[in-house]
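Undergrad: Just my_file.txt, nothing more (compact mmCIF, C-alpha atoms):
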# COMPACT_ATOMS: atom_id res chain seq x y z
CA MET J 1 -2.08 -6.86 8.06
CA LYS J 2 -2.38 -6.59 11.84
CA ILE J 3 0.41 -5.24 14.03
CA LEU J 4 0.42 -5.39 17.84
CA GLY J 5 2.63 -2.82 19.54
CA ILE J 6 3.97 -3.03 23.10
CA ASP J 7 5.89 -0.28 24.91
CA THR J 8 7.35 -0.91 28.36
CA SER J 9 10.42 1.31 28.03
CA GLY J 10 9.34 3.78 30.70
CA LYS J 11 6.71 4.44 33.30
CA THR J 12 3.92 4.27 30.71
CA ALA J 13 2.55 0.84 29.86
CA SER J 14 1.17 0.97 26.33
CA VAL J 15 -0.34 -1.54 23.89
CA ALA J 16 -1.93 -0.88 20.51
CA VAL J 17 -3.30 -2.77 17.52
CA MET J 18 -2.99 -1.49 13.94
CA ASP J 19 -4.97 -3.01 11.07
CA GLY J 20 -3.72 -1.94 7.67
CA ASP J 21 -3.02 1.77 8.11
CA ARG J 22 -5.48 2.40 10.93
CA ILE J 23 -5.09 2.11 14.69
CA LEU J 24 -7.99 0.01 15.99
CA GLY J 25 -7.27 0.53 19.65
CA GLU J 26 -4.69 1.64 22.20
CA ILE J 27 -4.40 1.50 25.96
CA SER J 28 -1.75 3.63 27.63
CA TYR J 29 -1.30 4.65 31.22
CA VAL J 30 1.42 5.61 33.68
CA THR J 31 1.87 2.91 36.27
CA ARG J 32 3.95 2.35 39.37
CA LEU J 33 3.42 -1.40 39.17
CA THR J 34 6.06 -3.39 37.36
CA HIS J 35 5.32 -4.03 33.69
CA SER J 36 5.68 -7.77 34.26
CA GLN J 37 2.46 -7.64 36.23
CA ILE J 38 0.38 -5.72 33.78
CA ILE J 39 1.59 -5.88 30.19
CA LEU J 40 0.28 -9.30 29.14
CA PRO J 41 -3.12 -8.80 30.82
CA LEU J 42 -3.21 -5.45 29.01
CA VAL J 43 -2.56 -7.15 25.66
CA LYS J 44 -5.29 -9.70 26.40
CA ASN J 45 -7.69 -6.94 27.46
CA LEU J 46 -7.21 -4.95 24.26
CA LEU J 47 -7.51 -7.97 21.99
CA GLU J 48 -10.72 -8.99 23.75
CA LYS J 49 -12.19 -5.50 23.33
CA LEU J 50 -11.30 -5.58 19.64
CA GLU J 51 -12.54 -9.17 19.24
CA ILE J 52 -9.21 -10.11 17.68
CA GLU J 53 -7.32 -13.31 18.42
CA LEU J 54 -3.59 -13.36 19.08
CA GLU J 55 -3.36 -15.75 16.11
CA ASP J 56 -4.49 -12.92 13.83
CA ILE J 57 -1.48 -10.75 14.59
CA ASP J 58 1.10 -10.62 11.78
CA CYS J 59 3.82 -8.69 13.59
CA PHE J 60 4.72 -7.62 17.10
CA ALA J 61 6.28 -4.19 17.36
CA VAL J 62 8.19 -3.45 20.54
CA SER J 63 10.39 -0.76 22.01
CA GLU J 64 14.00 -2.01 21.88
CA GLY J 65 15.51 0.77 24.00
CA PRO J 66 16.85 2.92 25.43
CA GLY J 67 14.91 3.14 28.66
CA SER J 68 14.36 1.18 31.83
CA TYR J 69 16.43 -2.03 31.80
CA THR J 70 13.78 -4.08 33.52
CA GLY J 71 10.97 -2.50 31.50
CA LEU J 72 12.64 -3.15 28.16
CA ARG J 73 13.43 -6.74 29.03
CA ILE J 74 9.85 -7.40 30.05
CA GLY J 75 8.47 -6.08 26.74
CA ILE J 76 11.10 -7.79 24.60
CA SER J 77 10.76 -11.12 26.43
CA ALA J 78 6.99 -11.03 26.04
CA VAL J 79 7.32 -10.37 22.32
CA LYS J 80 9.99 -13.05 21.86
CA GLY J 81 7.75 -15.52 23.64
CA MET J 82 4.76 -14.70 21.46
CA CYS J 83 6.89 -14.89 18.30
CA PHE J 84 8.36 -18.27 19.20
CA THR J 85 5.01 -19.90 19.84
CA LYS J 86 3.40 -18.53 16.70
CA ASP J 87 6.41 -18.40 14.36
CA VAL J 88 5.56 -14.79 13.65
CA LYS J 89 7.88 -11.86 13.00
CA CYS J 90 8.58 -8.85 15.19
CA TYR J 91 10.19 -5.43 14.91
CA GLY J 92 12.25 -3.56 17.47
CA VAL J 93 11.93 0.22 17.47
CA SER J 94 14.21 2.78 19.06
CA THR J 95 12.37 4.44 21.93
CA LEU J 96 13.83 7.79 20.92
CA LYS J 97 12.56 7.34 17.36
CA SER J 98 9.10 6.28 18.51
CA LEU J 99 8.90 9.44 20.61
CA ALA J 100 9.81 11.54 17.58
CA GLN J 101 7.20 9.68 15.51
CA ASN J 102 4.51 11.28 17.70
CA VAL J 103 5.37 14.73 16.28
CA ARG J 104 6.71 13.85 12.84
CA PHE J 105 4.70 16.56 11.08
CA PHE J 106 6.56 19.29 12.98
CA GLY J 107 8.24 21.79 10.66
CA GLY J 108 11.71 21.52 12.11
CA ILE J 109 13.88 19.10 14.08
CA VAL J 110 12.51 16.79 16.73
CA VAL J 111 14.81 16.16 19.69
CA SER J 112 14.00 13.12 21.81
CA VAL J 113 15.32 13.20 25.36
CA MET J 114 14.95 10.60 28.10
CA HIS J 115 16.34 10.45 31.61
CA ALA J 116 19.36 8.14 32.00
CA ARG J 117 21.18 9.39 35.13
CA LEU J 118 21.67 12.66 36.95
CA GLY J 119 22.83 15.09 34.26
CA ILE J 120 22.91 12.36 31.62
CA ALA J 121 20.28 11.76 28.97
CA TYR J 122 19.43 9.42 26.14
CA PHE J 123 19.34 11.71 23.09
CA GLY J 124 18.34 11.43 19.46
CA ALA J 125 17.32 13.98 16.82
CA TYR J 126 15.28 13.72 13.61
CA GLU J 127 14.49 16.02 10.72
CA CYS J 128 10.86 15.88 9.62
CA LYS J 129 10.46 15.52 5.87
CA GLY J 130 6.88 15.25 4.74
CA GLY J 131 5.88 13.23 7.77
CA LYS J 132 8.87 10.88 7.66
CA LEU J 133 11.69 11.02 10.15
CA VAL J 134 15.26 11.36 8.90
CA GLU J 135 17.92 10.78 11.51
CA ALA J 136 19.94 13.90 12.33
CA VAL J 137 21.67 12.56 15.47
CA ALA J 138 21.96 8.80 16.02
CA ASP J 139 20.70 7.53 19.39
CA LYS J 140 23.28 8.18 22.07
CA VAL J 141 23.75 8.65 25.76
CA CYS J 142 25.39 11.93 26.70
CA LYS J 143 25.62 14.83 29.12
CA TYR J 144 23.03 17.59 28.83
CA GLU J 145 25.75 19.90 27.44
CA GLU J 146 25.85 17.92 24.20
CA ILE J 147 22.14 18.43 23.65
CA GLU J 148 22.58 22.14 24.25
CA GLU J 149 25.46 22.30 21.78
CA PHE J 150 23.46 20.56 19.06
CA VAL J 151 20.42 22.79 19.47
CA ARG J 152 22.35 26.06 19.66
CA ASN J 153 24.41 25.12 16.59
CA SER J 154 21.21 24.63 14.60
CA ASP J 155 19.05 27.37 13.10
CA GLU J 156 15.97 25.18 12.97
CA LYS J 157 12.86 25.18 15.08
CA ILE J 158 13.16 22.44 17.68
CA MET J 159 10.49 20.29 19.32
CA LEU J 160 11.43 18.36 22.47
CA VAL J 161 9.75 15.04 23.33
CA GLY J 162 10.38 12.48 26.04
CA ASP J 163 10.17 12.24 29.81
CA ILE J 164 12.66 15.06 30.48
CA CYS J 165 11.54 17.41 27.70
CA GLU J 166 10.21 20.04 30.12
CA LYS J 167 13.33 19.81 32.26
CA ILE J 168 15.64 20.22 29.23
CA LYS J 169 13.62 23.19 28.00
CA GLY J 170 13.71 24.82 31.44
CA ASP J 171 17.34 24.08 32.31
CA LEU J 172 18.93 24.72 28.93
CA PHE J 173 16.66 26.67 26.60
CA SER J 174 14.42 28.97 28.60
CA ASP J 175 15.86 31.83 26.52
CA LEU J 176 15.25 30.20 23.13
CA GLU J 177 11.75 30.69 21.76
CA ARG J 178 12.38 28.42 18.79
CA VAL J 179 12.67 25.46 21.17
CA GLU J 180 9.22 24.08 21.99
CA VAL J 181 7.97 21.23 24.13
CA ALA J 182 5.55 18.67 22.67
CA PRO J 183 1.94 18.84 23.87
CA ALA J 184 0.78 16.63 26.75
CA SER J 185 -0.82 13.98 24.54
CA LEU J 186 2.31 13.50 22.43
CA LYS J 187 5.33 13.88 24.69
CA MET J 188 5.54 10.32 26.03
CA GLN J 189 5.86 6.81 24.55
CA ARG J 190 2.85 5.33 22.73
CA ALA J 191 2.52 1.82 21.32
CA SER J 192 0.66 3.20 18.28
CA ALA J 193 3.87 4.94 17.19
CA LEU J 194 5.65 1.56 17.32
CA CYS J 195 2.92 0.10 15.09
CA GLU J 196 3.27 2.93 12.57
CA LEU J 197 7.03 2.45 12.32
CA ALA J 198 6.70 -1.33 11.97
CA PHE J 199 4.15 -0.74 9.22
CA GLU J 200 6.53 1.63 7.38
CA GLU J 201 9.49 -0.75 7.71
CA ASN J 202 7.67 -3.98 6.93
CA ASP J 203 10.65 -5.36 5.00
CA SER J 204 12.82 -5.16 8.13
CA TRP J 205 10.85 -7.41 10.43
CA VAL J 206 12.89 -10.05 12.24
CA THR J 207 12.38 -13.36 14.04
CA GLY J 208 11.96 -13.51 17.81
CA ALA J 209 15.47 -14.92 18.11
CA GLU J 210 16.96 -11.97 16.23
CA LEU J 211 15.23 -9.31 18.36
CA GLU J 212 17.69 -7.57 20.64
CA ALA J 213 17.60 -4.87 23.27
CA ARG J 214 19.63 -1.71 22.74
CA TYR J 215 20.28 -0.32 26.18
CA LEU J 216 22.91 2.28 25.24
CA GLN J 217 24.74 1.35 28.42
CA VAL J 218 25.36 4.47 30.43
CA THR J 219 28.16 3.02 32.54
CA LYS J 220 30.15 1.99 29.50
CA ALA J 221 29.51 5.36 27.88
CA GLU J 222 30.62 7.17 31.02
CA LYS J 223 33.91 5.31 30.91
CA ASP J 224 34.32 6.17 27.23
CA LEU J 225 33.57 9.82 27.96
CA GLY J 226 36.27 9.70 30.62
CA LYS J 227 33.83 10.75 33.37
CA MET N 1 24.75 8.53 65.70
CA VAL N 2 25.36 5.26 67.52
CA LYS N 3 22.84 3.03 69.22
CA ILE N 4 23.39 -0.22 71.09
CA THR N 5 20.50 -2.65 71.05
CA ASN N 6 20.38 -5.57 73.48
CA SER N 7 17.96 -7.92 71.79
CA PRO N 8 16.55 -8.68 68.33
CA GLU N 9 13.25 -7.14 69.47
CA GLU N 10 15.01 -3.89 70.41
CA THR N 11 16.78 -3.83 67.06
CA VAL N 12 13.51 -4.24 65.20
CA LEU N 13 11.79 -1.53 67.27
CA PHE N 14 14.67 0.82 66.56
CA ALA N 15 14.42 0.05 62.86
CA GLN N 16 10.70 0.81 63.02
CA LYS N 17 11.50 4.24 64.42
CA ILE N 18 13.84 4.90 61.51
CA GLY N 19 11.20 3.66 59.06
CA GLY N 20 8.66 6.04 60.51
CA LEU N 21 10.86 8.98 59.61
CA LEU N 22 11.31 8.05 55.97
CA LYS N 23 9.48 10.07 53.34
CA GLY N 24 10.16 7.98 50.26
CA GLY N 25 13.04 8.19 47.77
CA GLU N 26 15.79 7.57 50.34
CA VAL N 27 18.68 5.24 49.58
CA ILE N 28 19.72 3.23 52.64
CA ALA N 29 23.08 1.50 52.39
CA TYR N 30 23.77 -1.22 54.94
CA ARG N 31 27.29 -2.12 55.85
CA GLY N 32 27.66 -5.23 57.97
CA GLY N 33 28.85 -8.82 57.72
CA LEU N 34 26.94 -12.09 57.51
CA GLY N 35 24.41 -12.45 60.29
CA ALA N 36 24.57 -8.81 61.33
CA GLY N 37 20.81 -8.56 60.91
CA LYS N 38 20.38 -6.43 57.80
CA THR N 39 17.27 -8.25 56.60
CA THR N 40 15.73 -8.19 60.09
CA PHE N 41 16.46 -4.48 60.30
CA THR N 42 14.81 -3.98 56.91
CA ARG N 43 11.72 -5.76 58.17
CA GLY N 44 11.44 -3.34 61.08
CA LEU N 45 12.08 -0.43 58.77
CA CYS N 46 9.27 -1.52 56.43
CA VAL N 47 6.82 -1.84 59.31
CA GLY N 48 7.73 1.65 60.47
CA PHE N 49 7.43 3.02 56.92
CA GLY N 50 3.95 1.54 56.61
CA ILE N 51 4.26 -1.36 54.22
CA GLY N 52 4.13 -4.31 56.59
CA ASP N 53 6.59 -7.02 57.52
CA ASP N 54 6.56 -9.33 54.51
CA VAL N 55 10.29 -8.94 53.98
CA THR N 56 12.69 -11.71 52.98
CA SER N 57 16.32 -11.98 52.06
CA PRO N 58 16.98 -10.83 48.50
CA THR N 59 20.14 -12.90 48.16
CA PHE N 60 18.88 -15.10 45.32
CA ALA N 61 16.57 -12.67 43.54
CA LEU N 62 19.00 -9.75 43.84
CA VAL N 63 16.07 -7.47 44.57
CA ASN N 64 12.72 -7.83 46.31
CA GLU N 65 10.00 -5.23 45.91
CA TYR N 66 7.50 -4.54 48.66
CA ARG N 67 4.48 -2.36 47.92
CA LYS N 68 1.54 -1.27 50.03
CA ASN N 69 -0.64 1.82 50.49
CA GLY N 70 1.01 3.61 47.59
CA LYS N 71 4.47 3.21 49.15
CA ALA N 72 7.31 1.04 47.92
CA VAL N 73 10.60 -0.36 49.17
CA CYS N 74 13.14 -2.11 46.96
CA HIS N 75 15.42 -4.39 48.94
CA PHE N 76 18.71 -5.27 47.22
CA ASP N 77 21.50 -7.70 47.94
CA MET N 78 24.71 -6.71 46.16
CA TYR N 79 26.70 -9.68 47.40
CA ARG N 80 27.05 -11.13 43.89
CA ILE N 81 27.40 -7.84 42.06
CA ASN N 82 30.88 -7.09 40.72
CA GLY N 83 31.32 -3.58 39.46
CA SER N 84 29.17 -0.92 37.89
CA ASP N 85 28.43 -2.69 34.57
CA ASP N 86 26.97 -5.60 36.52
CA LEU N 87 24.97 -3.19 38.65
CA GLU N 88 23.54 -1.37 35.67
CA THR N 89 22.14 -4.55 34.15
CA THR N 90 20.26 -5.36 37.37
CA GLY N 91 18.12 -2.33 36.69
CA PHE N 92 19.26 -0.70 39.93
CA TYR N 93 19.08 2.79 38.44
CA ASP N 94 15.50 2.21 37.24
CA TYR N 95 14.38 2.21 40.86
CA MET N 96 15.63 5.65 41.78
CA ASP N 97 12.38 7.44 41.13
CA GLY N 98 12.34 9.75 44.15
CA GLU N 99 9.48 7.84 45.80
CA THR N 100 10.72 4.29 46.29
CA VAL N 101 12.93 3.65 49.32
CA LEU N 102 15.97 1.58 48.37
CA CYS N 103 17.50 -0.68 51.04
CA VAL N 104 20.84 -2.04 49.90
CA GLU N 105 22.57 -4.95 51.63
CA TRP N 106 26.29 -5.43 50.91
CA SER N 107 26.40 -1.84 49.71
CA GLU N 108 30.20 -2.04 50.04
CA ASN N 109 30.20 -3.71 46.62
CA ILE N 110 28.61 -0.72 44.90
CA GLU N 111 30.10 2.12 46.93
CA ASP N 112 30.85 4.28 43.88
CA ALA N 113 27.32 4.04 42.55
CA LEU N 114 25.56 5.22 45.69
CA PRO N 115 24.07 8.67 45.20
CA GLU N 116 24.62 11.77 47.31
CA GLY N 117 22.43 11.79 50.37
CA THR N 118 22.69 8.03 50.89
CA ILE N 119 21.94 7.05 54.48
CA PHE N 120 24.56 4.62 55.78
CA ILE N 121 23.56 2.12 58.45
CA ASP N 122 26.44 0.13 59.87
CA ILE N 123 25.40 -2.88 61.92
CA VAL N 124 28.03 -4.60 64.02
CA ARG N 125 27.34 -7.81 65.88
CA ILE N 126 28.58 -7.57 69.46
CA ASP N 127 27.14 -10.90 70.57
CA ASP N 128 24.11 -13.11 69.77
CA ASN N 129 21.71 -10.44 71.02
CA LYS N 130 23.59 -7.17 71.00
CA ARG N 131 24.12 -4.94 68.02
CA GLU N 132 25.92 -1.66 67.56
CA ILE N 133 24.09 0.43 64.99
CA ARG N 134 25.69 3.49 63.50
CA ILE N 135 23.73 5.86 61.24
CA SER N 136 25.35 8.54 59.12
CA GLY N 137 24.57 10.66 56.12
CA ASP N 138 21.33 12.29 57.25
CA ASP N 139 20.64 14.69 60.11
CA ARG N 140 17.12 13.38 60.61
CA PHE N 141 18.42 10.51 62.71
CA GLU N 142 20.88 12.43 64.85
CA ASN N 143 18.86 12.23 68.06
CA ILE N 144 16.86 9.13 67.42
CA GLY N 145 18.84 7.02 69.82
CA ASP N 146 17.82 9.16 72.79
Mind turning the file's structure into structure tokens?
TA:
Amino acid sequence: MKILGIDTSGKTASVAVMDGDRILGEISYVTRLTHSQIILPLVKNLLEKLEIELEDIDCFAVSEGPGSYTGLRIGISAVKGMCFTKDVKCYGVSTLKSLAQNVRFFGGIVVSVMHARLGIAYFGAYECKGGKLVEAVADKVCKYEEIEEFVRNSDEKIMLVGDICEKIKGDLFSDLERVEVAPASLKMQRASALCELAFEENDSWVTGAELEARYLQVTKAEKDLGK
Amino acid sequence: MVKITNSPEETVLFAQKIGGLLKGGEVIAYRGGLGAGKTTFTRGLCVGFGIGDDVTSPTFALVNEYRKNGKAVCHFDMYRINGSDDLETTGFYDYMDGETVLCVEWSENIEDALPEGTIFIDIVRIDDNKREIRISGDDRFENIGD
């Protein structure tokens, strides 16, 4: 079973191919160009290197959000397009969950944090049980204070991942040794994590038409929070 | 500060001066009616900033991106944007990365969403050739009219 993963949720453009339970290849890099310019050539490039045809792919795994609106739409549209032409299934993965997947063997709670607005973050938390993630806090958009409250109310060791993990550690938890930041190679989005999660949840794959973005709209949330 | 320009060429040269002082990451909010010259001004600004003059009206696309020499300008037209929900779905907030200069036409429509430190450029048409240009929100440009 071959799974192609695409992540365009942030500044990193990432594609990966998984065959069975092994990652055959992955290309990831931070780019200032728009994902619409590079993501499909990147997919083509990787498939060529692996000598795999697009027709051989059984599932497309993609980041469904939260993250950059334009980035997410580019990845999701590309996947929908590929699914429609090949009548193949796909799987949308929470960006926050895919970040946590990078460090799922951590002996504690993984806290995924991504920049949304000034002082506002996308936030999710997962307990690690034998290498599987169990949701502790459902994906949400919130002020930094809520992240602080969650962490300080917990006794567990905490690992922060995501594009603002260093900032959150520095601003909120410089006094707390039990709060760590993920290492450089694991703190940002990777398409291979999307592939792993699609592989694990292979009975939840959907059609291209069913795939949806989950933006966690900040503006709506701000209104609900009475900001 | 206030500057009167007497020809389109003068307006563009003035915009170039402004562009030359930009560092990247600034949000520039234009206020001015139809035909005031916001897109022309943006063209001058881009030349001064170092990314050339290939600037066109973003009215249909909502946003045009111009990139050169590692610098970037995103040129928005908020004429058809109604409210902050609308704005969010354009991906406006994705562009505030501290390096890209944002030029926003019809910024009046998204007043509440403009960040602190926004540079306001009001362009008023006096006649076919003359413009009154008022810049506020950043000390850098205080003496630029002299």
Undergrad: If we count all atoms listed in the file and set the cut-off at 10 Å, which residues sit around Phe92 of chain N, ignoring sequence neighbours fewer than 6 positions away in its own chain? Please answer as a ChimeraX atom specification.
TA: /J:68-70 /N:62-63,74,76,86,102,113
Undergrad: Measuring between all atoms listed in the file, which one of N:Val101, N:Ser107, N:Glu65, N:Asp128 shows the shortest distance to Ile81 of chain N?
TA: N:Ser107
Undergrad: Given the choices N:Pro8, N:Gly37, N:Gly83, N:Gly50, which gets closest to Arg67 of chain N if the distance is worked out from only C-alpha atoms?
TA: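 Going through N:Pro8, N:Gly37, N:Gly83, N:Gly50 one by one, the smallest distance to Arg67 of chain N is for N:Gly50.
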Undergrad: Chain J near chain N within 9 Å: what's each residue's closest atom pair and its distance in Å to one decimal, counting only C-alpha atoms, ordered by chain then ascending residue number, as a Markdown table?
TA:
| residue | atom | partner | partner_atom | distance |
| --- | --- | --- | --- | --- |
| J:Arg32 | CA | N:Gly70 | CA | 8.8 |
| J:Leu33 | CA | N:Arg67 | CA | 8.9 |
| J:Gly67 | CA | N:Asp94 | CA | 8.7 |
| J:Ser68 | CA | N:Asp94 | CA | 5.6 |
| J:Tyr69 | CA | N:Gly91 | CA | 5.2 |
| J:Thr70 | CA | N:Gly91 | CA | 5.7 |
| J:Gly71 | CA | N:Asp94 | CA | 8.7 |
| J:Ala116 | CA | N:Tyr93 | CA | 8.4 |
| J:Arg117 | CA | N:Tyr93 | CA | 7.7 |
| J:Gln217 | CA | N:Glu88 | CA | 7.8 |
| J:Val218 | CA | N:Glu88 | CA | 8.1 |
| J:Thr219 | CA | N:Asp85 | CA | 6.1 |
| J:Lys220 | CA | N:Asp85 | CA | 7.1 |
Undergrad: For atom CA of Glu116 of chain N and atom CA of Asp171 of chain J, determine how far apart the two atoms are, in Å to one decimal place.
TA: 20.7 Å
Undergrad: I'd like the interatomic distance between atom CA of Thr42 of chain N and atom CA of Thr11 of chain N, to a tenth of an Å.
TA: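 Between these atoms lies a distance of 10.3 Å.
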Undergrad: What does the distance between atom CA of Tyr122 of chain J and atom CA of Cys165 of chain J come to in Å, to one decimal place?
TA: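 That distance, rounded to one decimal, is 11.3 Å.
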Undergrad: So which one's closest to Phe141 of chain N, N:Lys3, N:Ile110, N:Glu99, N:Thr59? Using all atoms listed in the file, please.
TA: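 For Phe141 of chain N, the nearest of the candidates is N:Lys3.
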Undergrad: As a ChimeraX atom specification, please: the residues near segment 193-195 of chain J (cut-off 10 Å, only C-alpha atoms, same-chain neighbours under 6 positions excluded).
TA: /J:2-7,15-19,21-23,59-63,91-95,97-103,201
Undergrad: Could you work out an axis-aligned box for segment 155-168 of chain J, taking every atom the file lists and adding 6 Å on each side, and report centre and edge lengths in Å to one decimal, as lines of an AutoDock Vina configuration file?
TA:
center_x = 14.4
center_y = 19.8
center_z = 22.6
size_x = 21.3
size_y = 27.1
size_z = 31.3
Undergrad: Would you mind completing segment 9-35 of chain N so that it carries N, CA and C atoms, and writing it out as a PDB file, in the coordinates of the input?
TA:
ATOM      1  N   GLU N   9      14.496  -7.922  69.407  1.00  0.00           N
ATOM      2  CA  GLU N   9      13.250  -7.140  69.470  1.00  0.00           C
ATOM      3  C   GLU N   9      13.577  -5.639  69.522  1.00  0.00           C
ATOM      4  N   GLU N  10      14.599  -5.308  70.309  1.00  0.00           N
ATOM      5  CA  GLU N  10      15.010  -3.890  70.410  1.00  0.00           C
ATOM      6  C   GLU N  10      15.508  -3.377  69.073  1.00  0.00           C
ATOM      7  N   THR N  11      16.248  -4.224  68.377  1.00  0.00           N
ATOM      8  CA  THR N  11      16.780  -3.830  67.060  1.00  0.00           C
ATOM      9  C   THR N  11      15.635  -3.533  66.102  1.00  0.00           C
ATOM     10  N   VAL N  12      14.642  -4.415  66.118  1.00  0.00           N
ATOM     11  CA  VAL N  12      13.510  -4.240  65.200  1.00  0.00           C
ATOM     12  C   VAL N  12      12.728  -2.969  65.555  1.00  0.00           C
ATOM     13  N   LEU N  13      12.516  -2.737  66.843  1.00  0.00           N
ATOM     14  CA  LEU N  13      11.790  -1.530  67.270  1.00  0.00           C
ATOM     15  C   LEU N  13      12.541  -0.269  66.844  1.00  0.00           C
ATOM     16  N   PHE N  14      13.846  -0.315  66.978  1.00  0.00           N
ATOM     17  CA  PHE N  14      14.670   0.820  66.560  1.00  0.00           C
ATOM     18  C   PHE N  14      14.549   1.043  65.059  1.00  0.00           C
ATOM     19  N   ALA N  15      14.571  -0.049  64.318  1.00  0.00           N
ATOM     20  CA  ALA N  15      14.420   0.050  62.860  1.00  0.00           C
ATOM     21  C   ALA N  15      13.065   0.633  62.493  1.00  0.00           C
ATOM     22  N   GLN N  16      12.054   0.279  63.266  1.00  0.00           N
ATOM     23  CA  GLN N  16      10.700   0.810  63.020  1.00  0.00           C
ATOM     24  C   GLN N  16      10.684   2.329  63.167  1.00  0.00           C
ATOM     25  N   LYS N  17      11.418   2.788  64.187  1.00  0.00           N
ATOM     26  CA  LYS N  17      11.500   4.240  64.420  1.00  0.00           C
ATOM     27  C   LYS N  17      12.108   4.939  63.199  1.00  0.00           C
ATOM     28  N   ILE N  18      13.173   4.338  62.697  1.00  0.00           N
ATOM     29  CA  ILE N  18      13.840   4.900  61.510  1.00  0.00           C
ATOM     30  C   ILE N  18      12.845   4.914  60.346  1.00  0.00           C
ATOM     31  N   GLY N  19      12.156   3.790  60.166  1.00  0.00           N
ATOM     32  CA  GLY N  19      11.200   3.660  59.060  1.00  0.00           C
ATOM     33  C   GLY N  19      10.116   4.712  59.119  1.00  0.00           C
ATOM     34  N   GLY N  20       9.698   5.039  60.335  1.00  0.00           N
ATOM     35  CA  GLY N  20       8.660   6.040  60.510  1.00  0.00           C
ATOM     36  C   GLY N  20       9.062   7.436  60.081  1.00  0.00           C
ATOM     37  N   LEU N  21      10.362   7.652  59.988  1.00  0.00           N
ATOM     38  CA  LEU N  21      10.860   8.980  59.610  1.00  0.00           C
ATOM     39  C   LEU N  21      11.145   9.104  58.115  1.00  0.00           C
ATOM     40  N   LEU N  22      10.997   8.007  57.403  1.00  0.00           N
ATOM     41  CA  LEU N  22      11.310   8.050  55.970  1.00  0.00           C
ATOM     42  C   LEU N  22      10.155   8.694  55.202  1.00  0.00           C
ATOM     43  N   LYS N  23      10.519   9.394  54.128  1.00  0.00           N
ATOM     44  CA  LYS N  23       9.480  10.070  53.340  1.00  0.00           C
ATOM     45  C   LYS N  23       9.265   9.383  51.991  1.00  0.00           C
ATOM     46  N   GLY N  24      10.213   8.572  51.600  1.00  0.00           N
ATOM     47  CA  GLY N  24      10.160   7.980  50.260  1.00  0.00           C
ATOM     48  C   GLY N  24      11.294   8.559  49.419  1.00  0.00           C
ATOM     49  N   GLY N  25      11.944   7.725  48.624  1.00  0.00           N
ATOM     50  CA  GLY N  25      13.040   8.190  47.770  1.00  0.00           C
ATOM     51  C   GLY N  25      14.415   8.040  48.398  1.00  0.00           C
ATOM     52  N   GLU N  26      14.475   7.702  49.683  1.00  0.00           N
ATOM     53  CA  GLU N  26      15.790   7.570  50.340  1.00  0.00           C
ATOM     54  C   GLU N  26      16.512   6.311  49.859  1.00  0.00           C
ATOM     55  N   VAL N  27      17.850   6.417  49.847  1.00  0.00           N
ATOM     56  CA  VAL N  27      18.680   5.240  49.580  1.00  0.00           C
ATOM     57  C   VAL N  27      19.370   4.890  50.886  1.00  0.00           C
ATOM     58  N   ILE N  28      19.128   3.675  51.366  1.00  0.00           N
ATOM     59  CA  ILE N  28      19.720   3.230  52.640  1.00  0.00           C
ATOM     60  C   ILE N  28      20.745   2.161  52.328  1.00  0.00           C
ATOM     61  N   ALA N  29      21.984   2.434  52.690  1.00  0.00           N
ATOM     62  CA  ALA N  29      23.080   1.500  52.390  1.00  0.00           C
ATOM     63  C   ALA N  29      23.526   0.836  53.685  1.00  0.00           C
ATOM     64  N   TYR N  30      23.316  -0.468  53.758  1.00  0.00           N
ATOM     65  CA  TYR N  30      23.770  -1.220  54.940  1.00  0.00           C
ATOM     66  C   TYR N  30      25.218  -1.616  54.741  1.00  0.00           C
ATOM     67  N   ARG N  31      25.945  -1.547  55.842  1.00  0.00           N
ATOM     68  CA  ARG N  31      27.290  -2.120  55.850  1.00  0.00           C
ATOM     69  C   ARG N  31      27.322  -3.044  57.069  1.00  0.00           C
ATOM     70  N   GLY N  32      27.639  -4.286  56.838  1.00  0.00           N
ATOM     71  CA  GLY N  32      27.660  -5.230  57.970  1.00  0.00           C
ATOM     72  C   GLY N  32      27.842  -6.621  57.441  1.00  0.00           C
ATOM     73  N   GLY N  33      28.520  -7.474  58.200  1.00  0.00           N
ATOM     74  CA  GLY N  33      28.850  -8.820  57.720  1.00  0.00           C
ATOM     75  C   GLY N  33      27.671  -9.779  57.780  1.00  0.00           C
ATOM     76  N   LEU N  34      27.959 -11.033  57.475  1.00  0.00           N
ATOM     77  CA  LEU N  34      26.940 -12.090  57.510  1.00  0.00           C
ATOM     78  C   LEU N  34      26.371 -12.195  58.920  1.00  0.00           C
ATOM     79  N   GLY N  35      25.040 -12.261  58.987  1.00  0.00           N
ATOM     80  CA  GLY N  35      24.410 -12.450  60.290  1.00  0.00           C
ATOM     81  C   GLY N  35      24.300 -11.195  61.129  1.00  0.00           C
TER      82      GLY N  35
END
